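Shown next: model.txt, given as compact mmCIF, C-alpha atoms and all ligand atoms.
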# COMPACT_ATOMS: atom_id res chain seq x y z
CA MET A 1 22.63 -0.87 13.32
CA ASP A 2 23.49 -1.29 9.68
CA HIS A 3 26.61 -1.49 7.59
CA PHE A 4 26.17 1.73 5.59
CA GLN A 5 28.60 4.07 7.31
CA TYR A 6 30.76 7.07 6.49
CA ARG A 7 34.52 6.61 6.44
CA ASP A 8 35.95 10.09 6.45
CA ASP A 9 33.56 11.79 4.08
CA ALA A 10 32.59 8.88 1.88
CA LEU A 11 29.63 6.58 2.41
CA TRP A 12 30.48 2.88 2.29
CA ALA A 13 28.44 -0.30 2.15
CA GLU A 14 30.44 -2.70 4.34
CA ASP A 15 33.94 -2.52 2.82
CA VAL A 16 32.97 -1.04 -0.54
CA PRO A 17 32.62 2.68 -1.25
CA LEU A 18 29.20 3.44 -2.76
CA ALA A 19 30.87 5.74 -5.29
CA ALA A 20 32.74 2.71 -6.67
CA ILE A 21 29.45 0.83 -7.04
CA ALA A 22 27.90 3.74 -8.94
CA GLU A 23 30.97 3.84 -11.18
CA ARG A 24 30.86 0.12 -11.90
CA PHE A 25 27.12 -0.57 -12.15
CA GLY A 26 25.64 2.85 -12.93
CA THR A 27 22.66 4.58 -11.31
CA PRO A 28 19.91 4.30 -10.22
CA CYS A 29 21.00 1.20 -8.39
CA TYR A 30 19.79 -0.63 -5.30
CA VAL A 31 22.61 -1.70 -2.99
CA TYR A 32 22.07 -4.30 -0.26
CA SER A 33 24.38 -5.32 2.58
CA ARG A 34 24.61 -9.01 3.34
CA ALA A 35 26.01 -8.42 6.83
CA THR A 36 23.07 -6.16 7.67
CA LEU A 37 20.49 -8.68 6.45
CA GLU A 38 22.17 -11.35 8.53
CA ARG A 39 22.42 -9.14 11.58
CA HIS A 40 18.72 -8.25 11.45
CA TRP A 41 17.62 -11.85 10.94
CA HIS A 42 19.77 -13.00 13.88
CA ALA A 43 18.33 -10.20 16.04
CA PHE A 44 14.88 -11.80 15.67
CA ASP A 45 16.07 -15.37 15.84
CA GLN A 46 18.20 -14.88 18.95
CA ALA A 47 15.57 -12.81 20.71
CA PHE A 48 13.43 -15.94 21.11
CA ARG A 49 16.34 -18.11 22.12
CA GLU A 50 15.08 -21.42 23.49
CA HIS A 51 11.39 -20.64 22.96
CA PRO A 52 10.29 -22.65 19.89
CA HIS A 53 10.02 -20.22 16.99
CA LEU A 54 10.43 -19.72 13.27
CA ILE A 55 11.27 -16.38 11.70
CA CYS A 56 9.63 -16.28 8.26
CA PHE A 57 10.96 -13.40 6.17
CA ALA A 58 8.09 -11.63 4.36
CA VAL A 59 9.22 -12.12 0.78
CA LYS A 60 7.11 -9.23 -0.49
CA ALA A 61 9.51 -6.81 1.19
CA ASN A 62 12.42 -7.86 -1.01
CA SER A 63 12.26 -10.89 -3.24
CA ASN A 64 15.63 -10.70 -4.97
CA LEU A 65 17.06 -14.23 -5.16
CA ALA A 66 20.32 -13.20 -3.52
CA VAL A 67 18.46 -11.71 -0.55
CA LEU A 68 16.41 -14.88 -0.16
CA ASP A 69 19.56 -16.96 -0.59
CA VAL A 70 21.35 -15.11 2.23
CA LEU A 71 18.40 -15.73 4.55
CA ALA A 72 17.81 -19.33 3.44
CA ARG A 73 21.42 -20.13 4.38
CA LEU A 74 20.66 -18.95 7.91
CA GLY A 75 17.74 -21.37 8.13
CA ALA A 76 15.06 -18.71 7.68
CA GLY A 77 11.46 -19.48 6.99
CA PHE A 78 9.56 -17.44 4.39
CA ASP A 79 6.13 -15.83 4.34
CA ILE A 80 4.81 -15.77 0.78
CA VAL A 81 1.69 -14.31 -0.83
CA SER A 82 1.84 -15.75 -4.35
CA VAL A 83 3.12 -18.71 -6.31
CA GLY A 84 5.64 -16.31 -7.84
CA GLU A 85 7.13 -15.72 -4.40
CA LEU A 86 7.09 -19.48 -3.78
CA GLU A 87 9.09 -20.14 -6.96
CA ARG A 88 11.57 -17.47 -5.94
CA VAL A 89 12.05 -19.07 -2.52
CA LEU A 90 12.60 -22.48 -4.12
CA ALA A 91 14.99 -21.05 -6.72
CA ALA A 92 16.95 -19.38 -3.92
CA GLY A 93 17.39 -22.64 -2.01
CA GLY A 94 14.71 -21.98 0.63
CA ASP A 95 13.18 -24.93 2.45
CA PRO A 96 9.50 -25.41 1.48
CA ALA A 97 8.85 -26.97 4.88
CA ARG A 98 9.49 -23.49 6.33
CA VAL A 99 7.17 -21.62 4.00
CA ILE A 100 3.92 -20.03 5.15
CA PHE A 101 1.40 -18.95 2.51
CA SER A 102 -0.55 -15.77 3.41
CA GLY A 103 -2.81 -13.53 1.31
CA VAL A 104 -6.51 -12.98 0.68
CA GLY A 105 -6.80 -14.28 -2.88
CA LYS A 106 -5.00 -17.62 -3.28
CA ARG A 107 -5.83 -19.21 -6.62
CA GLU A 108 -6.33 -22.94 -7.03
CA ASP A 109 -3.13 -23.40 -9.04
CA GLU A 110 -1.23 -21.59 -6.28
CA MET A 111 -2.67 -23.93 -3.63
CA ARG A 112 -1.76 -26.96 -5.75
CA ARG A 113 1.84 -25.93 -6.22
CA ALA A 114 2.23 -25.14 -2.52
CA LEU A 115 0.77 -28.53 -1.54
CA GLU A 116 2.91 -30.29 -4.12
CA VAL A 117 6.17 -28.92 -2.68
CA GLY A 118 4.98 -29.45 0.90
CA ILE A 119 4.87 -26.00 2.48
CA ARG A 120 4.61 -25.62 6.24
CA GLY A 121 1.13 -24.15 6.17
CA PHE A 122 -1.53 -21.83 4.81
CA ASN A 123 -2.81 -18.73 6.55
CA VAL A 124 -6.43 -18.84 5.43
CA GLU A 125 -8.28 -15.55 5.24
CA SER A 126 -11.91 -16.50 4.55
CA GLU A 127 -14.41 -19.33 4.79
CA ALA A 128 -14.61 -19.58 0.99
CA GLU A 129 -10.85 -20.07 0.85
CA LEU A 130 -11.10 -22.78 3.50
CA VAL A 131 -13.61 -24.70 1.43
CA ARG A 132 -11.53 -24.37 -1.71
CA LEU A 133 -8.32 -25.46 0.02
CA ASP A 134 -10.05 -28.50 1.52
CA ARG A 135 -11.26 -29.57 -1.93
CA VAL A 136 -7.91 -29.02 -3.64
CA ALA A 137 -6.07 -30.93 -0.90
CA ARG A 138 -8.50 -33.87 -1.06
CA GLU A 139 -8.22 -34.00 -4.86
CA MET A 140 -4.46 -34.29 -4.43
CA GLY A 141 -4.72 -36.83 -1.62
CA ARG A 142 -3.06 -34.38 0.77
CA ILE A 143 -3.92 -32.78 4.08
CA ALA A 144 -3.35 -29.03 4.11
CA PRO A 145 -2.04 -27.55 7.39
CA VAL A 146 -3.99 -24.37 8.14
CA SER A 147 -4.10 -21.42 10.46
CA LEU A 148 -6.88 -18.91 10.23
CA ARG A 149 -5.82 -15.33 9.92
CA VAL A 150 -7.96 -13.54 12.43
CA ASN A 151 -8.59 -9.87 12.39
CA PRO A 152 -8.31 -8.77 16.02
CA ASP A 153 -9.64 -5.24 15.38
CA VAL A 154 -6.76 -3.31 16.92
CA ASP A 155 -5.51 0.03 15.74
CA ALA A 156 -1.88 -0.32 14.63
CA ARG A 157 -1.51 3.47 14.59
CA THR A 158 0.29 3.51 11.29
CA HIS A 159 -0.43 4.88 7.80
CA PRO A 160 -4.00 3.87 6.81
CA TYR A 161 -2.77 2.12 3.64
CA ILE A 162 -0.62 -0.26 5.68
CA ALA A 163 -2.92 -0.87 8.65
CA THR A 164 -4.53 -4.27 8.21
CA GLY A 165 -5.96 -5.29 11.58
CA LEU A 166 -9.04 -3.08 11.77
CA LYS A 167 -12.51 -4.49 11.24
CA GLU A 168 -12.99 -2.34 8.13
CA ASN A 169 -9.92 -3.87 6.42
CA LYS A 170 -10.21 -6.67 3.86
CA PHE A 171 -7.85 -8.95 5.76
CA GLY A 172 -8.55 -11.97 7.91
CA ILE A 173 -11.61 -13.35 9.63
CA SER A 174 -13.25 -11.26 12.32
CA ILE A 175 -12.14 -12.59 15.69
CA GLN A 176 -15.80 -12.77 16.78
CA ASP A 177 -16.57 -15.23 13.98
CA ALA A 178 -13.37 -17.17 14.41
CA GLU A 179 -14.72 -20.00 16.58
CA THR A 180 -17.43 -20.84 14.07
CA VAL A 181 -14.94 -20.86 11.21
CA TYR A 182 -12.44 -22.94 13.23
CA ARG A 183 -15.16 -25.48 13.93
CA HIS A 184 -15.87 -25.62 10.22
CA ALA A 185 -12.15 -26.03 9.45
CA ALA A 186 -11.75 -28.80 12.01
CA ALA A 187 -14.60 -30.72 10.38
CA LEU A 188 -13.11 -30.62 6.85
CA PRO A 189 -11.18 -33.82 6.07
CA GLY A 190 -8.64 -32.17 3.74
CA LEU A 191 -7.43 -29.77 6.42
CA GLN A 192 -5.49 -29.96 9.63
CA VAL A 193 -5.84 -27.00 11.95
CA THR A 194 -2.41 -26.09 13.29
CA GLY A 195 -2.40 -22.47 14.42
CA ILE A 196 -3.78 -18.98 14.70
CA ASP A 197 -2.43 -16.18 12.54
CA CYS A 198 -2.73 -12.42 12.73
CA HIS A 199 -0.99 -9.45 11.17
CA ILE A 200 -2.16 -6.00 12.15
CA GLY A 201 -0.13 -3.66 9.99
CA SER A 202 3.27 -2.47 8.99
CA GLN A 203 5.80 0.11 10.25
CA LEU A 204 4.50 -0.08 13.83
CA THR A 205 6.61 1.98 16.16
CA GLU A 206 5.01 0.98 19.46
CA LEU A 207 4.58 -2.36 21.21
CA ALA A 208 1.09 -1.75 22.62
CA PRO A 209 -0.89 -2.76 19.48
CA PHE A 210 1.13 -5.98 19.21
CA VAL A 211 0.37 -6.80 22.84
CA ASP A 212 -3.30 -6.02 22.34
CA ALA A 213 -3.49 -8.35 19.36
CA LEU A 214 -1.56 -11.10 21.17
CA GLN A 215 -3.93 -10.98 24.13
CA ARG A 216 -6.91 -11.35 21.85
CA VAL A 217 -5.26 -14.23 20.03
CA LEU A 218 -4.40 -15.99 23.32
CA ALA A 219 -8.00 -15.61 24.49
CA LEU A 220 -9.13 -17.19 21.23
CA ALA A 221 -6.67 -20.07 21.72
CA ARG A 222 -8.27 -20.72 25.14
CA ARG A 223 -11.76 -20.69 23.67
CA LEU A 224 -10.67 -23.08 20.92
CA ALA A 225 -9.10 -25.45 23.45
CA ALA A 226 -12.45 -25.51 25.27
CA LEU A 227 -14.02 -26.62 21.98
CA GLY A 228 -11.43 -29.38 21.68
CA ILE A 229 -9.47 -27.59 18.93
CA GLU A 230 -5.83 -27.67 19.97
CA ILE A 231 -3.48 -25.43 18.08
CA THR A 232 0.31 -25.65 18.23
CA HIS A 233 1.55 -22.32 16.91
CA LEU A 234 0.76 -18.63 16.93
CA ASP A 235 1.80 -16.64 13.88
CA LEU A 236 2.01 -13.03 14.97
CA GLY A 237 2.71 -11.61 11.52
CA GLY A 238 5.21 -8.91 10.71
CA GLY A 239 4.99 -5.19 11.16
CA LEU A 240 7.82 -4.09 13.42
CA GLY A 241 8.85 -0.62 12.22
CA ILE A 242 12.26 0.78 11.46
CA ARG A 243 13.95 4.15 11.75
CA TYR A 244 13.64 6.02 8.46
CA VAL A 245 14.36 9.49 9.80
CA ASP A 246 13.69 10.05 13.48
CA GLU A 247 11.33 7.25 14.52
CA SER A 248 12.37 5.15 17.49
CA PRO A 249 10.75 1.77 17.02
CA PRO A 250 11.30 -1.01 19.55
CA GLU A 251 14.20 -3.39 18.92
CA PRO A 252 13.40 -6.99 17.96
CA ALA A 253 14.66 -7.99 21.41
CA ASP A 254 12.11 -5.74 23.18
CA TYR A 255 9.37 -7.01 20.93
CA ALA A 256 10.30 -10.65 21.55
CA SER A 257 10.56 -10.08 25.25
CA VAL A 258 6.99 -8.80 25.61
CA ILE A 259 5.73 -11.70 23.51
CA ARG A 260 7.61 -14.20 25.67
CA GLN A 261 6.34 -12.52 28.81
CA HIS A 262 2.73 -12.89 27.68
CA LEU A 263 3.25 -16.45 26.56
CA ALA A 264 4.91 -17.36 29.86
CA ASP A 265 5.09 -21.14 29.70
CA LEU A 266 2.35 -21.68 27.15
CA PRO A 267 3.59 -24.29 24.73
CA PHE A 268 2.86 -22.44 21.48
CA GLU A 269 5.57 -22.19 18.88
CA VAL A 270 5.88 -18.55 17.73
CA LEU A 271 6.03 -17.70 14.04
CA LEU A 272 6.86 -14.19 12.91
CA GLU A 273 6.75 -12.65 9.43
CA PRO A 274 9.04 -9.62 9.54
CA GLY A 275 9.91 -8.00 6.24
CA ARG A 276 10.82 -4.35 6.69
CA ALA A 277 12.69 -4.82 9.98
CA ILE A 278 15.03 -7.29 8.28
CA ALA A 279 15.50 -5.76 4.84
CA GLY A 280 14.59 -2.05 5.14
CA ASN A 281 17.82 -0.68 6.50
CA ALA A 282 19.86 -3.32 4.68
CA GLY A 283 19.48 -1.41 1.41
CA VAL A 284 19.92 2.01 -0.17
CA LEU A 285 18.91 3.41 -3.52
CA LEU A 286 21.87 5.09 -5.19
CA THR A 287 20.96 7.97 -7.48
CA ARG A 288 22.74 10.81 -9.25
CA VAL A 289 21.73 14.46 -9.50
CA GLU A 290 21.03 15.28 -13.15
CA TYR A 291 20.09 18.94 -12.86
CA LEU A 292 19.55 21.67 -10.31
CA LYS A 293 16.53 23.76 -11.21
CA PRO A 294 15.91 26.87 -9.19
CA THR A 295 12.47 28.42 -9.65
CA ALA A 296 10.84 31.45 -8.12
CA HIS A 297 9.18 29.23 -5.52
CA LYS A 298 11.40 26.23 -4.98
CA GLN A 299 14.76 24.70 -5.62
CA PHE A 300 14.44 21.38 -7.37
CA ALA A 301 17.15 18.77 -7.65
CA ILE A 302 16.25 16.45 -10.50
CA LEU A 303 17.58 12.96 -9.90
CA ASP A 304 18.01 9.98 -12.20
CA ALA A 305 15.79 7.88 -9.88
CA ALA A 306 12.05 8.42 -9.80
CA MET A 307 8.77 7.18 -8.39
CA ASN A 308 8.91 4.19 -10.73
CA ASP A 309 12.11 3.12 -8.91
CA LEU A 310 10.98 3.94 -5.37
CA LEU A 311 7.26 4.44 -4.92
CA ARG A 312 6.99 4.86 -1.15
CA PRO A 313 7.35 8.67 -1.01
CA ALA A 314 4.74 9.19 -3.76
CA LEU A 315 2.31 6.55 -2.50
CA TYR A 316 2.45 7.05 1.27
CA GLN A 317 4.16 10.42 1.59
CA ALA A 318 6.85 8.30 3.24
CA ARG A 319 9.92 10.14 4.48
CA GLN A 320 13.24 8.42 3.96
CA ALA A 321 16.63 9.90 4.78
CA ILE A 322 18.55 11.03 1.68
CA VAL A 323 22.24 11.53 2.25
CA PRO A 324 25.24 12.50 0.13
CA VAL A 325 27.59 9.71 -0.93
CA ARG A 326 30.42 12.23 -0.49
CA ARG A 327 29.99 14.71 2.33
CA THR A 328 31.38 18.15 1.69
CA ALA A 329 32.56 20.68 4.18
CA HIS A 330 30.09 23.18 2.71
CA GLU A 331 27.02 24.26 4.55
CA PRO A 332 23.77 23.10 2.87
CA SER A 333 23.50 25.29 -0.21
CA ALA A 334 19.71 25.22 -0.35
CA VAL A 335 16.56 23.43 0.66
CA TYR A 336 15.67 21.12 -2.20
CA ASP A 337 12.74 19.08 -3.38
CA LEU A 338 14.36 15.92 -4.72
CA VAL A 339 12.33 14.85 -7.73
CA GLY A 340 12.58 12.34 -10.56
CA PRO A 341 12.14 12.65 -14.32
CA VAL A 342 8.65 11.06 -14.38
CA CYS A 343 5.79 13.21 -15.64
CA GLU A 344 3.79 13.35 -12.42
CA THR A 345 3.70 16.05 -9.78
CA GLY A 346 3.74 13.24 -7.22
CA ASP A 347 7.13 12.10 -8.47
CA PHE A 348 9.42 12.99 -5.60
CA LEU A 349 11.80 11.06 -3.38
CA GLY A 350 12.15 13.72 -0.73
CA LYS A 351 10.83 17.18 0.00
CA GLU A 352 12.47 20.17 1.63
CA ARG A 353 15.86 18.62 2.25
CA ALA A 354 18.74 20.91 3.19
CA LEU A 355 21.73 19.71 1.17
CA ALA A 356 24.82 21.01 -0.58
CA LEU A 357 24.33 19.75 -4.13
CA ALA A 358 25.91 20.03 -7.55
CA PRO A 359 24.93 18.25 -10.78
CA GLY A 360 26.61 14.86 -10.94
CA ASP A 361 26.56 14.34 -7.15
CA LEU A 362 25.57 10.94 -5.84
CA LEU A 363 22.89 10.53 -3.18
CA ALA A 364 21.78 7.49 -1.21
CA VAL A 365 18.14 7.05 -0.25
CA ARG A 366 18.37 5.14 3.00
CA GLY A 367 15.86 2.53 4.19
CA SER A 368 15.25 1.29 0.63
CA GLY A 369 15.92 -2.42 1.16
CA ALA A 370 12.24 -3.18 1.84
CA TYR A 371 9.35 -2.23 -0.46
CA GLY A 372 11.86 -0.59 -2.80
CA PHE A 373 12.76 -2.51 -5.94
CA VAL A 374 9.79 -4.87 -5.46
CA MET A 375 7.36 -1.98 -5.95
CA SER A 376 9.18 -0.55 -8.95
CA SER A 377 7.65 -0.36 -12.41
CA ASN A 378 8.47 0.59 -15.98
CA TYR A 379 6.27 3.69 -15.93
CA ASN A 380 7.40 6.23 -18.50
CA SER A 381 9.25 3.33 -20.18
CA ARG A 382 12.06 3.52 -17.68
CA PRO A 383 14.09 0.31 -17.42
CA ARG A 384 14.21 -0.99 -13.86
CA ALA A 385 17.33 -0.36 -11.81
CA ALA A 386 20.20 -2.75 -11.16
CA GLU A 387 20.49 -4.49 -7.78
CA VAL A 388 23.84 -5.12 -6.14
CA MET A 389 24.66 -7.12 -3.00
CA VAL A 390 27.74 -6.15 -1.03
CA ASP A 391 29.42 -8.92 0.93
CA GLY A 392 32.49 -7.63 2.80
CA ALA A 393 34.83 -6.17 0.19
CA GLU A 394 32.95 -7.69 -2.74
CA ALA A 395 30.04 -6.23 -4.71
CA HIS A 396 27.94 -8.70 -6.70
CA LEU A 397 25.46 -7.74 -9.40
CA VAL A 398 22.34 -9.65 -8.27
CA ARG A 399 19.99 -8.26 -10.90
CA ARG A 400 21.20 -6.58 -14.04
CA ARG A 401 19.76 -3.27 -15.06
CA GLU A 402 16.97 -3.76 -17.58
CA SER A 403 17.95 -2.85 -21.12
CA LEU A 404 15.86 -0.78 -23.48
CA THR A 405 14.93 -3.89 -25.45
CA ASP A 406 13.81 -5.62 -22.21
CA LEU A 407 11.16 -2.93 -22.03
CA PHE A 408 9.10 -4.40 -24.86
CA ALA A 409 10.58 -7.91 -25.10
CA GLY A 410 7.23 -9.52 -24.26
CA GLU A 411 5.16 -7.38 -26.63
CA ASN A 412 4.02 -7.98 -30.21
CA ARG A 413 2.97 -5.79 -33.09
CA LEU A 414 -0.20 -6.82 -34.87
CA PRO A 415 0.19 -9.48 -37.59
N1 LIG A 501 2.80 -10.59 6.90
C1 LIG A 501 1.74 -10.14 6.20
C2 LIG A 501 0.53 -10.97 6.14
C3 LIG A 501 1.80 -8.89 5.58
O1 LIG A 501 0.73 -8.45 4.91
C4 LIG A 501 2.98 -8.11 5.65
C5 LIG A 501 3.07 -6.82 4.99
C6 LIG A 501 4.07 -8.64 6.37
C7 LIG A 501 3.93 -9.87 6.99
C8 LIG A 501 5.37 -7.92 6.51
O2 LIG A 501 5.23 -6.71 7.18
P1 LIG A 501 6.52 -5.87 7.62
O3 LIG A 501 7.24 -6.66 8.68
O4 LIG A 501 7.37 -5.67 6.42
O5 LIG A 501 5.96 -4.62 8.12
N2 LIG A 501 4.42 -1.32 0.86
C9 LIG A 501 4.25 -0.84 2.21
C10 LIG A 501 4.19 -1.95 3.20
C11 LIG A 501 3.11 -2.96 2.91
C12 LIG A 501 3.09 -4.10 3.90
C13 LIG A 501 2.15 -5.15 3.47
N3 LIG A 501 2.14 -6.32 4.30
C14 LIG A 501 5.36 0.15 2.51
O6 LIG A 501 6.20 0.39 1.65
O7 LIG A 501 5.42 0.74 3.59

In structure tokens, write the structure found in this file.
Ligand code: LLP
Amino acid sequence: MDHFQYRDDALWAEDVPLAAIAERFGTPCYVYSRATLERHWHAFDQAFREHPHLICFAVKANSNLAVLDVLARLGAGFDIVSVGELERVLAAGGDPARVIFSGVGKREDEMRRALEVGIRGFNVESEAELVRLDRVAREMGRIAPVSLRVNPDVDARTHPYIATGLKENKFGISIQDAETVYRHAAALPGLQVTGIDCHIGSQLTELAPFVDALQRVLALARRLAALGIEITHLDLGGGLGIRYVDESPPEPADYASVIRQHLADLPFEVLLEPGRAIAGNAGVLLTRVEYLKPTAHKQFAILDAAMNDLLRPALYQARQAIVPVRRTAHEPSAVYDLVGPVCETGDFLGKERALALAPGDLLAVRGSGAYGFVMSSNYNSRPRAAEVMVDGAEAHLVRRRESLTDLFAGENRLP
């Protein structure tokens, strides 16, 4: 459930009509709902109830400071993949002791900063990284808490670009090699082994791959215990899917319940790194129809938002619902390809959508709260969109629209 609902024929975000937001802040514009973010975070947090757990929002999904702020106030943890994300979490009031650092390519300066602020732990993805982290920690007189990200080789049955848990993917340490690498980690004086981590992919719409991965991770935990390596937490990554159009992914409660069932009374604390399931349906991209362009083959609606604003359709052929901000009584007037002004054939936000459209109409691209603004660019010298957070009857500008001079503010002509 989210807080983007029609009242009569107008689409609202909580208690604010989206048309009023477009009027005040212009388009294209990302609009987030605080109540929805909170609801989704609580759905995960409450699903584990008394079982020790920490829900670490995957910052890559939406790193706007206001989004992180909303979650930090709930006591969220954060899963980061760069020092940039770490600085955002700190600037938003997040607790470094609840930060987990994932990612295959951590630089030395990133490790140093994370150790300096005292993050909760590192998810280490290779033996070379382990050696580097040990050295950096010792140089700083610190002990780095580590989990190894293991690659359990399960098929997440999702888009190949967002499946990460197969043996041919670049992520993690093969689960067959894990004991050797754990033994190495346990022998390094700058490290303290605390957990096992895995993340098998994103936008999963079934529970079976999660269960598969969990069973492999639990078997590894048993083998490690036999070697005298006791771990205290399991980080099961993110990946729970959402409904974009007609998918029916499991609810966080169903997901948590199978995890708890498999854990039974094992003492492991559970860490999760959900991104999309928290932020995805907590945001829409508001856009206006610039032109209708009928051709002999197709009807195009040319929008003021493009692939530089929302890349998912172009990059993954992702389908997201696109709905009118004001519903009309008219039957759909045509089947449109909804495209942007960027000079690429791949620049579309939706294909073959039956809608009743006129120039100037506002549309909302649903499911845009995760992997939306964060993946946007300035391609075609298009300033990035504004971001707005709705909180009840208030709408706050949480990132101003880039200006034309912002576009080249960091650039220089030759002397
Ligand atoms: N943890 C790790 C280590 C990850 O790599 C990811 C996502 C997450 C957690 C969060 O996954 P989520 O719960 O959001 O599925 N840009 C793509 C998605 C890329 C996901 C990358 N990793 C998209 O727009 O569909």

Site check for ligand LIG 501 (chain A): residues at most 9 Å away, all atoms listed in the file, as number ranges by chain: A: 56-61, 79-81, 101-103, 123, 149, 159, 161-164, 171, 197-204, 236-242, 272-280, 311-313, 315-316, 318, 370-372, 375

- request: Kindly give the distance, in Å, that separates atom CA of A:Ala225 and atom CA of A:Arg183, rounded to a single decimal.
  value: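 About the pair atom CA of A:Ala225 and atom CA of A:Arg183: they are 11.3 Å apart.
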
query: So which residues touch A:Leu11 within 8 Å, counting only C-alpha atoms, skipping near sequence neighbours fewer than 5 positions away, as a VMD selection string?
result: chain A and resid 4 to 6 17 to 19 324 to 326

query: Quick one: of A:Ala301, A:Ala329, A:Leu310, A:Val89, who's nearest to A:Arg353, counting all atoms listed in the file?
result: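 Between A:Ala301, A:Ala329, A:Leu310, A:Val89, the residue approaching A:Arg353 most closely is A:Ala301.
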
- prompt: What is the atom CA of A:Asp265 to atom CA of A:Leu224 distance in Å?
  reply: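 If I compute the distance from atom CA of A:Asp265 to atom CA of A:Leu224, I get 18.1 Å.
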
message: Please report the interatomic distance between atom CA of A:Gly121 and atom CA of A:Ile100 in Å with one decimal.
response: 5.1 Å

query: Looking at all atoms listed in the file, which of A:Gly350, A:Pro252, A:Ala306, A:Leu266 is the one that sits closest to A:Arg222?
result: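 Of all the options, A:Leu266 lies closest to A:Arg222.
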
field: Exercise: residues within 10 Å of coordinate (17.0, -21.8, -3.1), counting all atoms listed in the file, as a ChimeraX atom specification
entry: /A:65-66,68-73,87-96

query: Can you tell me, as a VMD selection string, what residues are no more than 7 Å from stretch 39-46 of chain A when counting only C-alpha atoms, ignoring any on the same chain fewer than 2 positions away?
result: chain A and resid 35 to 37 48 to 49 55 252 to 253 278

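You can rank A:Ala409, A:Ala221, A:Val390, A:Val131 by their closest distance to A:Tyr32 using all atoms listed in the file, and at the top of that list sits A:Val390.
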
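Comparing the minimum interatomic distances between A:Ile302 and each of A:Ala321, A:Val217, A:Pro359, A:Ser257, counting all atoms listed in the file, we find that A:Pro359 sits nearest.
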
message: List as an MDAnalysis selection string the protein and nucleic acid residues near A:Arg400, meaning an atom at most 10 Å away when only C-alpha atoms are counted, but skip any in the same chain fewer than 5 places from it.
response: chainID A and resid 25 29 384:388

- prompt: Of the residues A:Ala187, A:Val245, A:Val154, A:Leu407, which is the one nearest to A:Arg216, using only C-alpha atoms?
  reply: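 Distance minimum relative to A:Arg216 lands on A:Val154.
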
task: Within 7 Å of stretch 282-289 of chain A, counting all atoms listed in the file, which residues show up once you throw out same-chain ones fewer than 3 positions away? Write them as a PyMOL selection string, please.
output: chain A and resi 2+27-33+36-37+279+301-305+359-369

query: For A:Gln320, which residue out of A:Met307, A:Leu349, A:Ala185, A:Leu357 is the nearest one, using all atoms listed in the file?
result: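 Closest residue, counting all atoms listed in the file: A:Leu349.
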